Amino acid sequence: MKGRSQSSSIPTKHSRLAERSPRKRERKWTCPKVLLELARLANPDVRAKMAYFGVHVLEMHGISTPVLHKLAREIGKNHQLAKQLWLSGVHEAKILAAIIGEPHKVTASEMDRWAQAFDSWDVVDATCCYLYAHTKFAWKKARAWSKRPELYIRRAGFSLAAYLSYKDKHAPDTEFATFLEAIECASGDDRNFVKKAVNWALRNIGKRNRKLNRHAIRVAENLRKRDSRTARWIAADALRELRSDAVQRRLKRKSAEMQ
């Protein structure tokens with residue numbers, strides 16, 4: 001794809017949130033009303049489970065993902081409201097903001113401002129999955145954030161790449177091959193939420209097609225030789241999946257379908 005820009009080429013799909021009939025969304029949602037609703041939906045059991053999985057933030061109600069998605073469908077896409085919810089600092093409000101945000105209205109500077117407020121892996125992943133992977137700045141931010149020292153911003157760089165590996169249907173292989181260099185550079189970062197994201201990005205890139213699978217395996221083989229326990233863990237886990245019969249069969253079938 002010659003002359004392609006450095007931005008994500010993910011086509012913006014008509015969101016199911018936008019397809020909701022006006023009659024089903026008669027309630028006028030404002031930031032204070034949404035925050036009250038989130039407080040009403042608080043579940044101590046969910047909060048305890050989130051803490052078990054490494055989410056430790058002060059302003060957190062404990063609301064499951066399905067419940068947040070249900071509320072998001074009732075609200076509909078609303079980027080202005082998303083920005084207000086993000087500024088509230090409430091954990092679930094941030095995730096909800098990512099779901100109802102509108103990718104075409106996101107700016108590069110706004111992405112950087114929100115990134116400064118990343119304080120948990122689930123907020124990072126939700127923001128990258130539902131919002132940032134669909135923006136024209138996705139690749140630029142993935143590369144830039146992968147070099148940042150801050151824990152959650154760096155995770156965001158690799159989380160974004162992991163999502164782009166299957167969400168960006170039109171990105172050329174060179175985009176992913178170049179990002180493999182960022183994976184090699186970060187392979188010695190032993191922080192749990194970083195190394196898992198690095199591993200995740202490596203595995204997802206290697207599952208995109210057969211060519212990238214071979215490239216990702218070569219990178220993993222190089223990492224396995226490093227004098228770094230973290231790099232060797234990333235390599236071993238990735239190689240186990242990328243060389244698996246299931247992945248190889250799927251890539252072979254996908255390659256045959258494209259011929």
# chains A, B, ... in the order shown; residues from 1 in each chain; ligands from 1
>>> select_by_dssp(residues="range 140-186 of chain A", states="alpha helix (DSSP H)", output="ChimeraX atom specification")
/A:140-145,151-167,173-186
>>> write_last_selection(atoms="C-alpha atoms", output="compact mmCIF listing (two decimals), in the first residue's frame")
# COMPACT_ATOMS: atom_id res chain seq x y z
CA LYS A 140 1.90 7.21 15.87
CA LYS A 141 0.90 6.90 19.52
CA ALA A 142 1.70 3.19 19.70
CA ARG A 143 5.26 3.90 18.59
CA ALA A 144 5.69 6.96 20.80
CA TRP A 145 4.16 5.47 23.95
CA LEU A 151 4.24 2.22 33.52
CA TYR A 152 0.76 2.59 32.10
CA ILE A 153 1.65 4.84 29.18
CA ARG A 154 4.24 2.32 28.05
CA ARG A 155 1.70 -0.48 28.43
CA ALA A 156 -0.68 1.57 26.27
CA GLY A 157 1.84 1.58 23.42
CA PHE A 158 1.95 -2.21 23.31
CA SER A 159 -1.74 -2.67 24.09
CA LEU A 160 -2.56 -0.42 21.16
CA ALA A 161 -0.29 -2.44 18.85
CA ALA A 162 -1.91 -5.67 20.05
CA TYR A 163 -5.36 -4.37 19.16
CA LEU A 164 -4.21 -2.91 15.84
CA SER A 165 -2.91 -6.36 14.90
CA TYR A 166 -6.47 -7.50 14.29
CA LYS A 167 -8.49 -4.30 14.15
CA ASP A 173 3.13 -5.71 7.05
CA THR A 174 5.90 -3.12 7.28
CA GLU A 175 3.96 -1.28 9.98
CA PHE A 176 3.96 -4.36 12.19
CA ALA A 177 7.49 -5.42 11.27
CA THR A 178 8.76 -2.02 12.34
CA PHE A 179 6.91 -2.29 15.64
CA LEU A 180 8.66 -5.58 16.35
CA GLU A 181 11.78 -3.45 16.91
CA ALA A 182 9.95 -1.65 19.73
CA ILE A 183 9.12 -5.06 21.21
CA GLU A 184 12.79 -6.03 21.17
CA CYS A 185 13.74 -2.74 22.84
CA ALA A 186 11.20 -3.18 25.65
>>> atom_distance(atom1="CA of Met258 in chain A", atom2="CA of Leu212 in chain A")
15.2 Å
>>> residues_around(residues="Arg210 in chain A", least_positions_apart="6", cutoff="9 Å", atoms="only C-alpha atoms", output="ChimeraX atom specification")
/A:248,251-252,254-255
>>> closest_residue(among="A:Val198, A:Val67, A:Ala98, A:Val123", to="Thr230 in chain A", atoms="only C-alpha atoms")
A:Val198
>>> residues_around(residues="Glu59 in chain A", least_positions_apart="3", cutoff="8 Å", atoms="only C-alpha atoms", output="count of residues only")
3
>>> residues_around(residues="Pro44 in chain A", least_positions_apart="6", cutoff="10 Å", atoms="only C-alpha atoms", output="count of residues only")
5
>>> residues_around(residues="range 102-118 of chain A", least_positions_apart="6", cutoff="8 Å", atoms="only C-alpha atoms", output="number ranges by chain")
A: 77-79, 86, 124, 131-132, 134-137, 152-153
>>> residues_around(residues="Ile100 in chain A", least_positions_apart="4", cutoff="10 Å", atoms="only C-alpha atoms", output="list in words")
Ser15, Leu17, Ala18, His69, Leu71, Ala72, Arg73, Ile75, Gly76, Lys77, Asn78, His79, Gln80, Leu81, Ala82, Lys83, Ile95, Leu96, Tyr130 and Leu131 of chain A
>>> write_last_selection(atoms="all heavy atoms", output="short mmCIF file (atom, residue, chain, number, x, y, z; two decimals), in the first residue's frame")
data_model
loop_
_atom_site.label_atom_id
_atom_site.label_comp_id
_atom_site.auth_asym_id
_atom_site.auth_seq_id
_atom_site.Cartn_x
_atom_site.Cartn_y
_atom_site.Cartn_z
N SER A 15 -21.52 2.33 14.43
CA SER A 15 -21.63 1.73 15.75
C SER A 15 -23.05 1.33 16.09
O SER A 15 -24.01 1.99 15.75
CB SER A 15 -21.13 2.73 16.80
OG SER A 15 -21.42 2.25 18.08
N LEU A 17 -24.13 1.52 18.95
CA LEU A 17 -24.62 2.53 19.88
C LEU A 17 -25.40 3.59 19.13
O LEU A 17 -26.39 4.13 19.61
CB LEU A 17 -23.46 3.18 20.63
CG LEU A 17 -22.64 2.27 21.55
CD1 LEU A 17 -21.64 3.12 22.31
CD2 LEU A 17 -23.52 1.50 22.50
N ALA A 18 -24.94 3.91 17.91
CA ALA A 18 -25.59 4.95 17.13
C ALA A 18 -26.89 4.46 16.52
O ALA A 18 -27.71 5.25 16.06
CB ALA A 18 -24.65 5.45 16.04
N HIS A 69 -21.29 -1.85 29.46
CA HIS A 69 -21.68 -1.82 28.05
C HIS A 69 -23.19 -1.58 27.90
O HIS A 69 -23.62 -0.90 26.97
CB HIS A 69 -21.29 -3.13 27.37
CG HIS A 69 -19.86 -3.14 26.90
ND1 HIS A 69 -19.47 -2.57 25.70
CD2 HIS A 69 -18.74 -3.64 27.46
CE1 HIS A 69 -18.16 -2.72 25.55
NE2 HIS A 69 -17.69 -3.35 26.61
N LEU A 71 -25.03 0.19 29.94
CA LEU A 71 -25.23 1.61 30.19
C LEU A 71 -24.77 2.42 28.98
O LEU A 71 -25.41 3.40 28.59
CB LEU A 71 -24.47 2.03 31.44
CG LEU A 71 -24.53 3.52 31.82
CD1 LEU A 71 -25.98 3.97 32.00
CD2 LEU A 71 -23.71 3.77 33.09
N ALA A 72 -23.66 2.02 28.37
CA ALA A 72 -23.14 2.73 27.20
C ALA A 72 -24.14 2.70 26.05
O ALA A 72 -24.31 3.69 25.34
CB ALA A 72 -21.82 2.11 26.75
N ARG A 73 -24.83 1.58 25.88
CA ARG A 73 -25.84 1.49 24.82
C ARG A 73 -27.01 2.43 25.10
O ARG A 73 -27.59 3.00 24.18
CB ARG A 73 -26.33 0.05 24.68
CG ARG A 73 -25.31 -0.88 24.05
CD ARG A 73 -25.94 -2.21 23.66
NE ARG A 73 -26.41 -2.97 24.80
CZ ARG A 73 -25.68 -3.83 25.49
NH1 ARG A 73 -24.40 -4.03 25.16
NH2 ARG A 73 -26.20 -4.50 26.50
N ILE A 75 -26.78 5.27 26.71
CA ILE A 75 -26.30 6.65 26.54
C ILE A 75 -26.08 6.97 25.07
O ILE A 75 -26.48 8.02 24.57
CB ILE A 75 -24.99 6.86 27.33
CG1 ILE A 75 -25.25 6.72 28.83
CG2 ILE A 75 -24.40 8.24 27.01
CD1 ILE A 75 -23.98 6.69 29.67
N GLY A 76 -25.44 6.06 24.34
CA GLY A 76 -25.10 6.30 22.95
C GLY A 76 -23.77 7.03 22.82
O GLY A 76 -23.17 7.45 23.80
N LYS A 77 -23.29 7.16 21.60
CA LYS A 77 -22.02 7.84 21.35
C LYS A 77 -22.15 9.33 21.68
O LYS A 77 -23.08 9.99 21.22
CB LYS A 77 -21.60 7.66 19.89
CG LYS A 77 -21.14 6.26 19.55
CD LYS A 77 -19.82 5.95 20.21
CE LYS A 77 -19.25 4.61 19.77
NZ LYS A 77 -17.95 4.32 20.40
N ASN A 78 -21.21 9.84 22.46
CA ASN A 78 -21.26 11.24 22.88
C ASN A 78 -19.87 11.64 23.35
O ASN A 78 -19.50 11.41 24.50
CB ASN A 78 -22.30 11.42 23.99
CG ASN A 78 -22.51 12.87 24.35
OD1 ASN A 78 -21.62 13.71 24.24
ND2 ASN A 78 -23.72 13.19 24.82
N HIS A 79 -19.09 12.24 22.46
CA HIS A 79 -17.70 12.52 22.80
C HIS A 79 -17.57 13.63 23.84
O HIS A 79 -16.65 13.60 24.68
CB HIS A 79 -16.90 12.89 21.55
CG HIS A 79 -15.42 12.74 21.75
ND1 HIS A 79 -14.82 11.51 21.91
CD2 HIS A 79 -14.43 13.67 21.86
CE1 HIS A 79 -13.52 11.68 22.09
NE2 HIS A 79 -13.26 12.97 22.07
N GLN A 80 -18.45 14.60 23.81
CA GLN A 80 -18.39 15.67 24.79
C GLN A 80 -18.63 15.12 26.19
O GLN A 80 -17.91 15.46 27.14
CB GLN A 80 -19.44 16.74 24.47
CG GLN A 80 -19.39 17.97 25.38
CD GLN A 80 -18.05 18.69 25.34
OE1 GLN A 80 -17.42 18.78 24.28
NE2 GLN A 80 -17.60 19.20 26.47
N LEU A 81 -19.61 14.25 26.32
CA LEU A 81 -19.88 13.61 27.61
C LEU A 81 -18.70 12.72 28.01
O LEU A 81 -18.33 12.66 29.19
CB LEU A 81 -21.16 12.79 27.53
CG LEU A 81 -21.57 12.02 28.79
CD1 LEU A 81 -21.71 12.96 29.98
CD2 LEU A 81 -22.87 11.25 28.55
N ALA A 82 -18.10 12.04 27.04
CA ALA A 82 -16.95 11.18 27.32
C ALA A 82 -15.82 11.99 27.95
O ALA A 82 -15.19 11.54 28.92
CB ALA A 82 -16.47 10.51 26.03
N LYS A 83 -15.56 13.17 27.42
CA LYS A 83 -14.49 14.00 27.98
C LYS A 83 -14.79 14.43 29.40
O LYS A 83 -13.90 14.47 30.26
CB LYS A 83 -14.27 15.24 27.08
CG LYS A 83 -13.68 14.89 25.72
CD LYS A 83 -13.18 16.11 24.97
CE LYS A 83 -14.32 16.97 24.46
NZ LYS A 83 -13.81 18.09 23.62
N ILE A 95 -13.65 4.16 31.82
CA ILE A 95 -13.92 3.06 30.88
C ILE A 95 -15.15 3.37 30.03
O ILE A 95 -15.16 3.15 28.82
CB ILE A 95 -14.10 1.74 31.66
CG1 ILE A 95 -12.79 1.36 32.36
CG2 ILE A 95 -14.55 0.62 30.72
CD1 ILE A 95 -12.88 0.13 33.23
N LEU A 96 -16.17 3.91 30.67
CA LEU A 96 -17.38 4.30 29.94
C LEU A 96 -17.07 5.37 28.91
O LEU A 96 -17.59 5.35 27.79
CB LEU A 96 -18.44 4.79 30.93
CG LEU A 96 -19.83 5.06 30.36
CD1 LEU A 96 -20.44 3.80 29.77
CD2 LEU A 96 -20.74 5.62 31.46
N TYR A 130 -11.52 0.29 22.54
CA TYR A 130 -12.77 0.88 22.09
C TYR A 130 -12.63 2.22 21.39
O TYR A 130 -13.49 2.61 20.61
CB TYR A 130 -13.74 1.04 23.27
CG TYR A 130 -14.03 -0.26 23.98
CD1 TYR A 130 -13.76 -0.40 25.33
CD2 TYR A 130 -14.57 -1.34 23.29
CE1 TYR A 130 -14.03 -1.60 25.99
CE2 TYR A 130 -14.85 -2.53 23.93
CZ TYR A 130 -14.57 -2.66 25.29
OH TYR A 130 -14.83 -3.84 25.92
N LEU A 131 -11.53 2.93 21.66
CA LEU A 131 -11.42 4.29 21.13
C LEU A 131 -10.16 4.52 20.32
O LEU A 131 -10.22 4.81 19.12
CB LEU A 131 -11.50 5.28 22.30
CG LEU A 131 -11.63 6.76 21.95
CD1 LEU A 131 -12.88 7.02 21.11
CD2 LEU A 131 -11.66 7.61 23.23
#
>>> atom_distance(atom1="CA of Glu150 in chain A", atom2="CA of Ser120 in chain A")
11.9 Å
>>> closest_residue(among="A:Val34, A:Ala126, A:Val57, A:Ala231", to="Gly101 in chain A", atoms="only C-alpha atoms")
A:Ala126
